[in-house]
There are 2 protein chains.
Amino acid sequence: MGDTPELELRRVQVHAAYEQVWRELEKRILDGTLQAGDRLPTEMELAQRFGVNRSTVREGIRRLESEGLVRRASGRRLVVAVPSYGDLAPRTSRALAMSQVSFLELWQVAVVMEPLAARLAAANANEADLAEMRRNLEATGETLRAGRSPARLDTEFQRLVAQSAKNRALELSREPIGLLLYPALEALIPLVPQAGERLLVAHRRIYEAIRDRDEDTAYHWMHKHVVDFRRGYELAGLPLDAPVRMPEPASPPGG
Amino acid sequence: MGDTPELELRRVQVHAAYEQVWRELEKRILDGTLQAGDRLPTEMELAQRFGVNRSTVREGIRRLESEGLVRRASGRRLVVAVPSYGDLAPRTSRALAMSQVSFLELWQVAVVMEPLAARLAAANANEADLAEMRRNLEATGETLRAGRSPARLDTEFQRLVAQSAKNRALELSREPIGLLLYPALEALIPLVPQAGERLLVAHRRIYEAIRDRDEDTAYHWMHKHVVDFRRGYELAGLPLDAPVRMPEPASPPGG
DNA sequence: GTTTGTCCGTTTGTCCGACAATCATCATTA
DNA sequence: TAATGATGATTGTCGGACAAACGGACAAAC
């Protein structure tokens, strides 16, 4: 075999035309040539400028749409947009669910993220944030009195705390986990009678600490709350290492 | 104005055909009808079964591809896949960068996530993980001796630690942050002469602690390391609250 | 003067039919 | 047996086409 002189070759990259359309537009958006809010040219015009068929342009555009970099304005013209975590979080949740992530894995992250969120919320929450939390607390109380499951409201409470933290990296990191984790309450509540009351108490304490700008108390109650969640899960006899399931989407994923 | 009796209307949903194709296939994948690894029918066949044109099917497929739910095998046929964070993390990073997230916001998350990763890594790393860290350590040493920037290798080291933690939720949560945060080293290193050496020492300690299954030491050194990173950033006179920029992609984003 | 109905040019969503390039497969050849 | 070539299936791209929906302008009706 003396005829293969250590020749190192890498796969020659061949990009489909619609991919190049997508990448080119993406690049223009990311480098600021196209700013959020700008209107894109019509499909016909894009096709002419790129020198490809309109069908090809459309396939590229689908990709951009899916990434949340462009949206269709009320009317029809394409408009450059900033991707929202409304688009991203459910997708990450799905990837986690499809990877058969266990309750324990999610919990291990939540138990550090949520207390951090509470601490930052105590530092940064504004009056509007507090009002939303109050509204959520009341709704949770009613829901419990009516004997229904507060799972969705708990998910929301955690999200509201994270929103109050004024840290978008935190918000975006924890959202996919919250989306997968708290629906597990749905299964837990009926099995652990005292869970609902404990949850409400914890939420109240967390809210009060945030309102009073008491970072440490907010942190500790949230930590306790998340630990409590795990304990309830074990108490109910649910397996920590079983994969979680993807909940029904509350709001339809971005399109 | 008594002629508007609290009438609440929501926008009537009209779904384009390609959207329905996308949603239907997505549903089949998520509910398990189509399992990872399964081959999808050909575009022609999909078009016939959905009763739409092949072009329409193709637009829907682009969406699925973008979500990582389906890939083109080496050949051509579409294959159902599990979305990887290779697809997801860069997108989340972009969303963060476009939202003008500050160094401080990223750091606040990193300072709790990375030590957690180190602790779990000390508990769960296997021999292959350790070998990769060793390789990374050596490369970092060489890079520093050569006077080049270890930014990319640092990003990789943190990723390797997270991989060793055997927690996919953690891995997926921290990756977008790491991707945005550590490239800031590129700007930092030339300004803080001792930074490179300190970084290498920290990496070594973290590696040793993980190897020795010493969770607390791994945790503390990683915490120290991340705190050190921030101190270096401040020392260099870089503003904590300025938005970070999106780094050049090391590997082209999934497609 | 404001609302409603109508028209028109533009743009999108969808369809049809077609072709070259590429891939998977298998029979053929050295 | 392993390399080579032929064959059929499938994708990527194209050009052209049309109905539906939109934005805007204008006229008619209240």
# chains A, B, ... in the order shown; residues from 1 in each chain; ligands from 1
call {"tool": "interface_residues", "arguments": {"of": "chain D", "to": "chain A", "cutoff": "10 Å", "atoms": "only C-alpha atoms (C1' of nucleotides)", "output": "PyMOL selection string"}}
result
chain D and resi 12-15+21-23
call {"tool": "write_last_selection", "arguments": {"atoms": "N, CA, C and O atoms (P, O5', C5', C4', C3', O3' and C1' of nucleotides)", "output": "tab-separated table (two decimals), in the first residue's frame"}}
result
chain	number	residue	atom	x	y	z
D	12	DG	P	-32.29	17.73	-1.19
D	12	DG	O5'	-31.95	18.65	-2.45
D	12	DG	C5'	-30.63	18.65	-2.95
D	12	DG	C4'	-30.53	19.57	-4.15
D	12	DG	C3'	-31.11	20.98	-3.93
D	12	DG	O3'	-30.18	21.92	-4.47
D	12	DG	C1'	-32.12	19.98	-5.82
D	13	DT	P	-30.49	23.50	-4.32
D	13	DT	O5'	-31.17	23.85	-5.70
D	13	DT	C5'	-30.41	23.75	-6.88
D	13	DT	C4'	-31.29	23.92	-8.08
D	13	DT	C3'	-32.10	25.22	-8.11
D	13	DT	O3'	-31.44	26.14	-8.96
D	13	DT	C1'	-33.32	23.33	-8.94
D	14	DC	P	-32.04	27.63	-9.12
D	14	DC	O5'	-33.04	27.42	-10.36
D	14	DC	C5'	-32.55	26.84	-11.55
D	14	DC	C4'	-33.70	26.50	-12.47
D	14	DC	C3'	-34.68	27.65	-12.71
D	14	DC	O3'	-34.36	28.31	-13.92
D	14	DC	C1'	-35.78	25.52	-12.43
D	15	DG	P	-34.78	29.82	-14.11
D	15	DG	O5'	-36.14	29.70	-14.91
D	15	DG	C5'	-36.20	28.93	-16.10
D	15	DG	C4'	-37.65	28.71	-16.46
D	15	DG	C3'	-38.50	29.99	-16.38
D	15	DG	O3'	-39.09	30.23	-17.65
D	15	DG	C1'	-39.53	28.18	-15.20
D	21	DA	P	-58.53	33.78	0.93
D	21	DA	O5'	-57.47	34.91	1.31
D	21	DA	C5'	-56.18	34.52	1.74
D	21	DA	C4'	-55.29	35.75	1.84
D	21	DA	C3'	-55.97	36.93	2.54
D	21	DA	O3'	-55.10	37.41	3.55
D	21	DA	C1'	-55.09	37.60	0.45
D	22	DC	P	-55.58	38.58	4.52
D	22	DC	O5'	-54.70	39.80	3.98
D	22	DC	C5'	-53.30	39.63	3.88
D	22	DC	C4'	-52.71	40.79	3.12
D	22	DC	C3'	-53.20	42.15	3.61
D	22	DC	O3'	-52.14	42.86	4.20
D	22	DC	C1'	-53.21	41.99	1.22
D	23	DG	P	-52.43	44.21	5.02
D	23	DG	O5'	-52.04	45.34	3.97
D	23	DG	C5'	-50.89	45.21	3.16
D	23	DG	C4'	-50.73	46.47	2.32
D	23	DG	C3'	-51.27	47.73	3.00
D	23	DG	O3'	-50.41	48.82	2.71
D	23	DG	C1'	-52.51	47.30	1.01
call {"tool": "residues_around", "arguments": {"residues": "segment 182-187 of chain B", "least_positions_apart": "2", "cutoff": "9 Å", "atoms": "only C-alpha atoms (C1' of nucleotides)", "output": "PyMOL selection string"}}
result
chain B and resi 103+149-152+154-155+177-180+189-191+229+233+236+238+244-247
call {"tool": "calpha_fit_and_write", "arguments": {"fixed": "chain A", "moving": "chain B", "output": "tab-separated table (two decimals) with C-alpha atoms, in the first residue's frame"}}
result
chain	number	residue	atom	x	y	z
B	1	MET	CA	-0.49	-1.25	3.18
B	2	GLY	CA	2.07	1.43	2.47
B	3	ASP	CA	-0.16	2.96	-0.15
B	4	THR	CA	-2.28	5.19	2.14
B	5	PRO	CA	0.07	7.98	3.17
B	6	GLU	CA	-1.89	9.40	6.12
B	7	LEU	CA	-4.06	11.26	3.66
B	8	GLU	CA	-6.61	13.33	5.51
B	9	LEU	CA	-9.59	14.43	3.49
B	10	ARG	CA	-12.72	16.14	4.61
B	11	ARG	CA	-16.06	15.89	2.95
B	12	VAL	CA	-16.35	18.35	0.12
B	13	GLN	CA	-18.99	20.89	1.05
B	14	VAL	CA	-21.70	21.41	-1.50
B	15	HIS	CA	-24.29	23.93	-0.51
B	16	ALA	CA	-27.71	23.92	-2.06
B	17	ALA	CA	-28.97	27.23	-3.37
B	18	TYR	CA	-31.63	27.59	-0.69
B	19	GLU	CA	-28.94	27.07	1.92
B	20	GLN	CA	-26.91	29.90	0.50
B	21	VAL	CA	-29.94	32.16	0.49
B	22	TRP	CA	-30.52	31.31	4.14
B	23	ARG	CA	-26.90	31.79	5.16
B	24	GLU	CA	-26.54	35.03	3.29
B	25	LEU	CA	-29.63	36.57	4.85
B	26	GLU	CA	-28.61	35.23	8.24
B	27	LYS	CA	-25.23	36.84	7.88
B	28	ARG	CA	-26.76	40.16	6.97
B	29	ILE	CA	-28.95	40.03	10.03
B	30	LEU	CA	-26.19	39.02	12.40
B	31	ASP	CA	-23.69	41.59	11.21
B	32	GLY	CA	-26.27	44.31	11.51
B	33	THR	CA	-26.74	45.10	7.85
B	34	LEU	CA	-30.33	44.13	8.46
B	35	GLN	CA	-31.57	45.43	11.78
B	36	ALA	CA	-34.41	44.13	13.88
B	37	GLY	CA	-37.58	45.71	12.60
B	38	ASP	CA	-36.33	46.14	9.05
B	39	ARG	CA	-38.57	44.86	6.31
B	40	LEU	CA	-37.09	42.35	3.92
B	41	PRO	CA	-37.60	42.68	0.18
B	42	THR	CA	-40.41	40.66	-1.33
B	43	GLU	CA	-39.81	37.07	-2.29
B	44	MET	CA	-39.81	38.03	-5.94
B	45	GLU	CA	-37.22	40.69	-5.42
B	46	LEU	CA	-35.02	38.40	-3.33
B	47	ALA	CA	-35.24	35.80	-6.06
B	48	GLN	CA	-34.15	38.29	-8.67
B	49	ARG	CA	-31.28	39.64	-6.61
B	50	PHE	CA	-29.96	36.20	-5.66
B	51	GLY	CA	-30.53	34.99	-9.17
B	52	VAL	CA	-32.61	32.02	-8.10
B	53	ASN	CA	-36.21	31.01	-8.31
B	54	ARG	CA	-38.81	32.19	-5.88
B	55	SER	CA	-39.40	28.64	-4.66
B	56	THR	CA	-35.76	28.42	-3.73
B	57	VAL	CA	-35.94	31.67	-1.84
B	58	ARG	CA	-38.98	30.44	0.03
B	59	GLU	CA	-37.18	27.35	1.27
B	60	GLY	CA	-34.40	29.51	2.62
B	61	ILE	CA	-36.89	31.80	4.29
B	62	ARG	CA	-38.51	28.90	6.12
B	63	ARG	CA	-35.20	28.31	7.79
B	64	LEU	CA	-34.86	31.89	8.91
B	65	GLU	CA	-38.41	31.84	10.21
B	66	SER	CA	-37.70	28.71	12.15
B	67	GLU	CA	-34.69	30.33	13.76
B	68	GLY	CA	-36.78	33.27	14.82
B	69	LEU	CA	-34.60	35.70	12.92
B	70	VAL	CA	-37.49	36.87	10.80
B	71	ARG	CA	-41.23	37.02	11.29
B	72	ARG	CA	-44.27	37.69	9.20
B	73	ALA	CA	-45.78	40.91	10.42
B	74	SER	CA	-49.52	40.96	10.91
B	75	GLY	CA	-49.77	41.55	7.24
B	76	ARG	CA	-47.37	39.67	5.17
B	77	ARG	CA	-44.05	41.29	4.58
B	78	LEU	CA	-41.07	39.65	6.25
B	79	VAL	CA	-39.58	41.58	9.14
B	80	VAL	CA	-36.25	41.03	10.86
B	81	ALA	CA	-36.72	40.00	14.49
B	82	VAL	CA	-34.79	39.08	17.61
B	83	PRO	CA	-35.34	35.43	18.49
B	84	SER	CA	-37.35	35.11	21.69
B	85	TYR	CA	-37.15	32.27	24.17
B	86	GLY	CA	-40.72	31.62	23.27
B	87	ASP	CA	-39.21	30.12	20.15
B	88	LEU	CA	-36.15	28.58	21.68
B	89	ALA	CA	-37.10	27.10	25.02
B	90	PRO	CA	-39.65	24.56	23.79
B	91	ARG	CA	-37.14	23.33	21.25
B	92	THR	CA	-34.52	22.82	23.91
B	93	SER	CA	-37.06	21.08	26.09
B	94	ARG	CA	-37.85	18.74	23.26
B	95	ALA	CA	-34.23	17.94	22.70
B	96	LEU	CA	-33.88	17.13	26.38
B	97	ALA	CA	-37.01	15.03	26.44
B	98	MET	CA	-35.92	13.12	23.35
B	99	SER	CA	-32.55	12.52	24.97
B	100	GLN	CA	-34.40	10.78	27.79
B	101	VAL	CA	-33.18	13.20	30.41
B	102	SER	CA	-34.10	12.11	33.92
B	103	PHE	CA	-35.91	14.00	36.63
B	104	LEU	CA	-32.71	14.00	38.66
B	105	GLU	CA	-30.69	15.68	35.95
B	106	LEU	CA	-33.25	18.44	35.61
B	107	TRP	CA	-33.55	18.83	39.33
B	108	GLN	CA	-29.81	19.15	39.84
B	109	VAL	CA	-29.82	22.17	37.59
B	110	ALA	CA	-33.04	23.63	38.98
B	111	VAL	CA	-31.79	23.47	42.53
B	112	VAL	CA	-29.06	25.98	41.73
B	113	MET	CA	-30.83	28.05	39.09
B	114	GLU	CA	-34.09	28.77	40.84
B	115	PRO	CA	-32.57	30.03	44.07
B	116	LEU	CA	-30.28	32.25	42.04
B	117	ALA	CA	-33.32	33.57	40.21
B	118	ALA	CA	-35.03	34.28	43.52
B	119	ARG	CA	-32.02	36.14	44.85
B	120	LEU	CA	-31.71	38.29	41.76
B	121	ALA	CA	-35.43	38.87	41.75
B	122	ALA	CA	-35.25	40.20	45.29
B	123	ALA	CA	-32.67	42.65	44.02
B	124	ASN	CA	-34.34	43.64	40.79
B	125	ALA	CA	-38.07	42.96	40.74
B	126	ASN	CA	-40.23	45.94	39.88
B	127	GLU	CA	-43.82	46.67	40.82
B	128	ALA	CA	-45.24	45.07	37.69
B	129	ASP	CA	-43.36	41.86	38.44
B	130	LEU	CA	-44.70	41.80	41.97
B	131	ALA	CA	-48.23	42.38	40.74
B	132	GLU	CA	-47.98	39.42	38.43
B	133	MET	CA	-46.72	37.23	41.23
B	134	ARG	CA	-49.62	38.32	43.42
B	135	ARG	CA	-52.04	37.43	40.67
B	136	ASN	CA	-50.36	34.06	40.31
B	137	LEU	CA	-50.53	33.46	44.07
B	138	GLU	CA	-54.23	34.16	44.15
B	139	ALA	CA	-54.91	31.90	41.22
B	140	THR	CA	-52.89	29.15	42.88
B	141	GLY	CA	-54.93	29.51	46.06
B	142	GLU	CA	-58.19	29.25	44.16
B	143	THR	CA	-56.96	26.30	42.14
B	144	LEU	CA	-56.00	24.41	45.27
B	145	ARG	CA	-59.30	25.18	46.98
B	146	ALA	CA	-61.05	23.89	43.90
B	147	GLY	CA	-59.03	20.71	44.14
B	148	ARG	CA	-57.34	21.17	40.81
B	149	SER	CA	-53.67	20.76	40.02
B	150	PRO	CA	-51.48	23.86	40.37
B	151	ALA	CA	-48.78	22.43	38.09
B	152	ARG	CA	-49.21	25.01	35.36
B	153	LEU	CA	-49.38	27.85	37.85
B	154	ASP	CA	-46.28	26.63	39.57
B	155	THR	CA	-44.40	26.57	36.28
B	156	GLU	CA	-45.61	30.10	35.75
B	157	PHE	CA	-44.59	31.26	39.20
B	158	GLN	CA	-41.06	30.10	38.67
B	159	ARG	CA	-41.02	31.84	35.33
B	160	LEU	CA	-42.26	35.05	36.89
B	161	VAL	CA	-39.52	34.93	39.48
B	162	ALA	CA	-36.95	34.43	36.76
B	163	GLN	CA	-38.39	37.31	34.77
B	164	SER	CA	-38.07	39.54	37.78
B	165	ALA	CA	-34.38	38.71	38.04
B	166	LYS	CA	-33.70	40.85	34.97
B	167	ASN	CA	-31.15	38.43	33.68
B	168	ARG	CA	-31.97	37.12	30.25
B	169	ALA	CA	-29.24	34.53	30.29
B	170	LEU	CA	-30.75	33.05	33.42
B	171	GLU	CA	-34.24	33.27	32.03
B	172	LEU	CA	-33.28	31.53	28.84
B	173	SER	CA	-31.25	28.85	30.60
B	174	ARG	CA	-33.83	27.81	33.11
B	175	GLU	CA	-36.93	27.96	30.96
B	176	PRO	CA	-36.44	24.67	29.12
B	177	ILE	CA	-35.86	22.97	32.44
B	178	GLY	CA	-38.87	24.51	34.09
B	179	LEU	CA	-40.95	23.50	31.13
B	180	LEU	CA	-40.00	19.87	31.63
B	181	LEU	CA	-39.74	19.73	35.39
B	182	TYR	CA	-42.83	21.28	36.87
B	183	PRO	CA	-45.36	19.35	34.84
B	184	ALA	CA	-44.14	16.44	36.94
B	185	LEU	CA	-46.23	18.04	39.68
B	186	GLU	CA	-49.26	16.89	37.79
B	187	ALA	CA	-48.38	13.35	38.72
B	188	LEU	CA	-47.13	14.26	42.18
B	189	ILE	CA	-49.95	16.27	43.69
B	190	PRO	CA	-52.58	13.55	43.88
B	191	LEU	CA	-50.09	11.23	45.54
B	192	VAL	CA	-48.83	13.61	48.22
B	193	PRO	CA	-51.81	15.27	49.90
B	194	GLN	CA	-49.91	17.98	51.73
B	195	ALA	CA	-47.94	18.98	48.63
B	196	GLY	CA	-50.36	21.64	47.45
B	197	GLU	CA	-50.43	23.48	50.74
B	198	ARG	CA	-46.65	23.38	51.13
B	199	LEU	CA	-46.22	24.71	47.62
B	200	LEU	CA	-48.51	27.63	48.28
B	201	VAL	CA	-46.76	28.50	51.53
B	202	ALA	CA	-43.39	28.43	49.83
B	203	HIS	CA	-44.60	30.64	47.01
B	204	ARG	CA	-45.96	33.12	49.52
B	205	ARG	CA	-42.70	33.28	51.44
B	206	ILE	CA	-40.71	33.69	48.27
B	207	TYR	CA	-42.99	36.44	47.08
B	208	GLU	CA	-42.78	38.27	50.38
B	209	ALA	CA	-39.01	38.04	50.48
B	210	ILE	CA	-38.74	39.38	46.94
B	211	ARG	CA	-41.15	42.18	47.77
B	212	ASP	CA	-39.12	43.05	50.89
B	213	ARG	CA	-35.86	42.96	48.90
B	214	ASP	CA	-34.59	40.26	51.21
B	215	GLU	CA	-32.20	38.39	48.93
B	216	ASP	CA	-31.07	35.75	51.40
B	217	THR	CA	-34.56	34.79	52.47
B	218	ALA	CA	-35.73	34.63	48.86
B	219	TYR	CA	-32.76	32.42	48.07
B	220	HIS	CA	-33.29	30.08	50.98
B	221	TRP	CA	-37.02	29.67	50.56
B	222	MET	CA	-36.62	28.95	46.90
B	223	HIS	CA	-33.93	26.42	47.66
B	224	LYS	CA	-36.16	24.82	50.25
B	225	HIS	CA	-39.00	24.83	47.75
B	226	VAL	CA	-37.02	23.01	45.11
B	227	VAL	CA	-35.64	20.52	47.62
B	228	ASP	CA	-39.18	19.98	48.82
B	229	PHE	CA	-40.24	19.27	45.28
B	230	ARG	CA	-37.72	16.48	45.04
B	231	ARG	CA	-38.73	15.07	48.40
B	232	GLY	CA	-42.35	15.01	47.30
B	233	TYR	CA	-41.31	13.24	44.14
B	234	GLU	CA	-39.54	10.56	46.15
B	235	LEU	CA	-42.36	10.36	48.68
B	236	ALA	CA	-44.76	9.69	45.86
B	237	GLY	CA	-42.60	6.75	44.88
B	238	LEU	CA	-41.71	8.23	41.53
B	239	PRO	CA	-38.31	7.19	40.22
B	240	LEU	CA	-35.68	9.92	40.13
B	241	ASP	CA	-33.80	8.42	37.23
B	242	ALA	CA	-36.69	7.76	34.90
B	243	PRO	CA	-36.83	9.96	31.81
B	244	VAL	CA	-39.28	12.83	31.91
B	245	ARG	CA	-41.88	13.26	29.24
B	246	MET	CA	-42.59	16.27	27.11
B	247	PRO	CA	-45.72	18.04	28.37
B	248	GLU	CA	-48.48	19.19	26.09
B	249	PRO	CA	-47.61	22.65	24.82
B	250	ALA	CA	-49.57	25.29	26.72
B	251	SER	CA	-49.15	27.74	23.89
B	252	PRO	CA	-48.39	26.60	20.38
B	253	PRO	CA	-44.68	26.88	19.63
B	254	GLY	CA	-43.59	29.86	17.62
B	255	GLY	CA	-44.40	30.00	13.96
call {"tool": "select_by_dssp", "arguments": {"residues": "segment 6-180 of chain A", "states": "strand (DSSP E or B)", "output": "PyMOL selection string"}}
result
chain A and resi 39+70-72+78-80+102
call {"tool": "write_last_selection", "arguments": {"atoms": "N, CA and C atoms", "output": "compact mmCIF listing (two decimals), in the first residue's frame"}}
result
# COMPACT_ATOMS: atom_id res chain seq x y z
N ARG A 39 -37.63 45.52 6.82
CA ARG A 39 -38.41 44.66 5.94
C ARG A 39 -37.50 44.04 4.89
N VAL A 70 -36.66 35.94 11.30
CA VAL A 70 -37.60 36.77 10.55
C VAL A 70 -39.02 36.34 10.90
N ARG A 71 -39.92 37.26 10.76
CA ARG A 71 -41.34 36.98 10.99
C ARG A 71 -42.15 37.58 9.88
N ARG A 72 -43.34 37.04 9.73
CA ARG A 72 -44.27 37.68 8.82
C ARG A 72 -45.04 38.72 9.61
N LEU A 78 -41.87 39.99 4.90
CA LEU A 78 -40.97 39.46 5.91
C LEU A 78 -40.27 40.60 6.67
N VAL A 79 -40.17 40.42 7.97
CA VAL A 79 -39.55 41.44 8.80
C VAL A 79 -38.50 40.79 9.69
N VAL A 80 -37.34 41.43 9.79
CA VAL A 80 -36.28 40.90 10.64
C VAL A 80 -36.70 41.01 12.11
N SER A 102 -33.74 12.51 32.84
CA SER A 102 -34.45 12.06 34.03
C SER A 102 -34.87 13.24 34.91
call {"tool": "interface_residues", "arguments": {"of": "chain C", "to": "chain A", "cutoff": "10 Å", "atoms": "only C-alpha atoms (C1' of nucleotides)", "output": "CSV table (one decimal) with N, CA, C and O atoms (P, O5', C5', C4', C3', O3' and C1' of nucleotides), in the first residue's frame"}}
result
chain,number,residue,atom,x,y,z
C,10,DT,P,-47.8,46.4,-9.6
C,10,DT,O5',-47.9,45.7,-8.2
C,10,DT,C5',-48.0,46.4,-7.0
C,10,DT,C4',-47.8,45.5,-5.8
C,10,DT,C3',-46.6,44.5,-5.9
C,10,DT,O3',-45.9,44.5,-4.7
C,10,DT,C1',-48.6,43.4,-5.4
C,11,DT,P,-44.5,43.8,-4.5
C,11,DT,O5',-44.9,42.5,-3.7
C,11,DT,C5',-45.5,42.6,-2.4
C,11,DT,C4',-46.0,41.2,-2.0
C,11,DT,C3',-45.0,40.1,-2.2
C,11,DT,O3',-44.7,39.5,-1.0
C,11,DT,C1',-47.2,39.5,-2.9
C,12,DT,P,-43.7,38.3,-0.8
C,12,DT,O5',-44.7,37.1,-0.4
C,12,DT,C5',-45.7,37.4,0.6
C,12,DT,C4',-46.7,36.3,0.6
C,12,DT,C3',-46.2,34.9,0.7
C,12,DT,O3',-47.0,34.2,1.8
C,12,DT,C1',-47.7,35.1,-1.1
call {"tool": "select_by_dssp", "arguments": {"residues": "segment 69-186 of chain A", "states": "alpha helix (DSSP H)", "output": "count of residues only"}}
result
86
call {"tool": "atom_distance", "arguments": {"atom1": "atom C1' of DT14 of chain C", "atom2": "atom C1' of DT10 of chain D"}}
result
22.0 Å
call {"tool": "atom_distance", "arguments": {"atom1": "atom C1' of DG13 of chain C", "atom2": "atom C1' of DC26 of chain D"}}
result
28.7 Å
call {"tool": "atom_distance", "arguments": {"atom1": "atom C1' of DA27 of chain C", "atom2": "atom C1' of DT11 of chain D"}}
result
24.8 Å
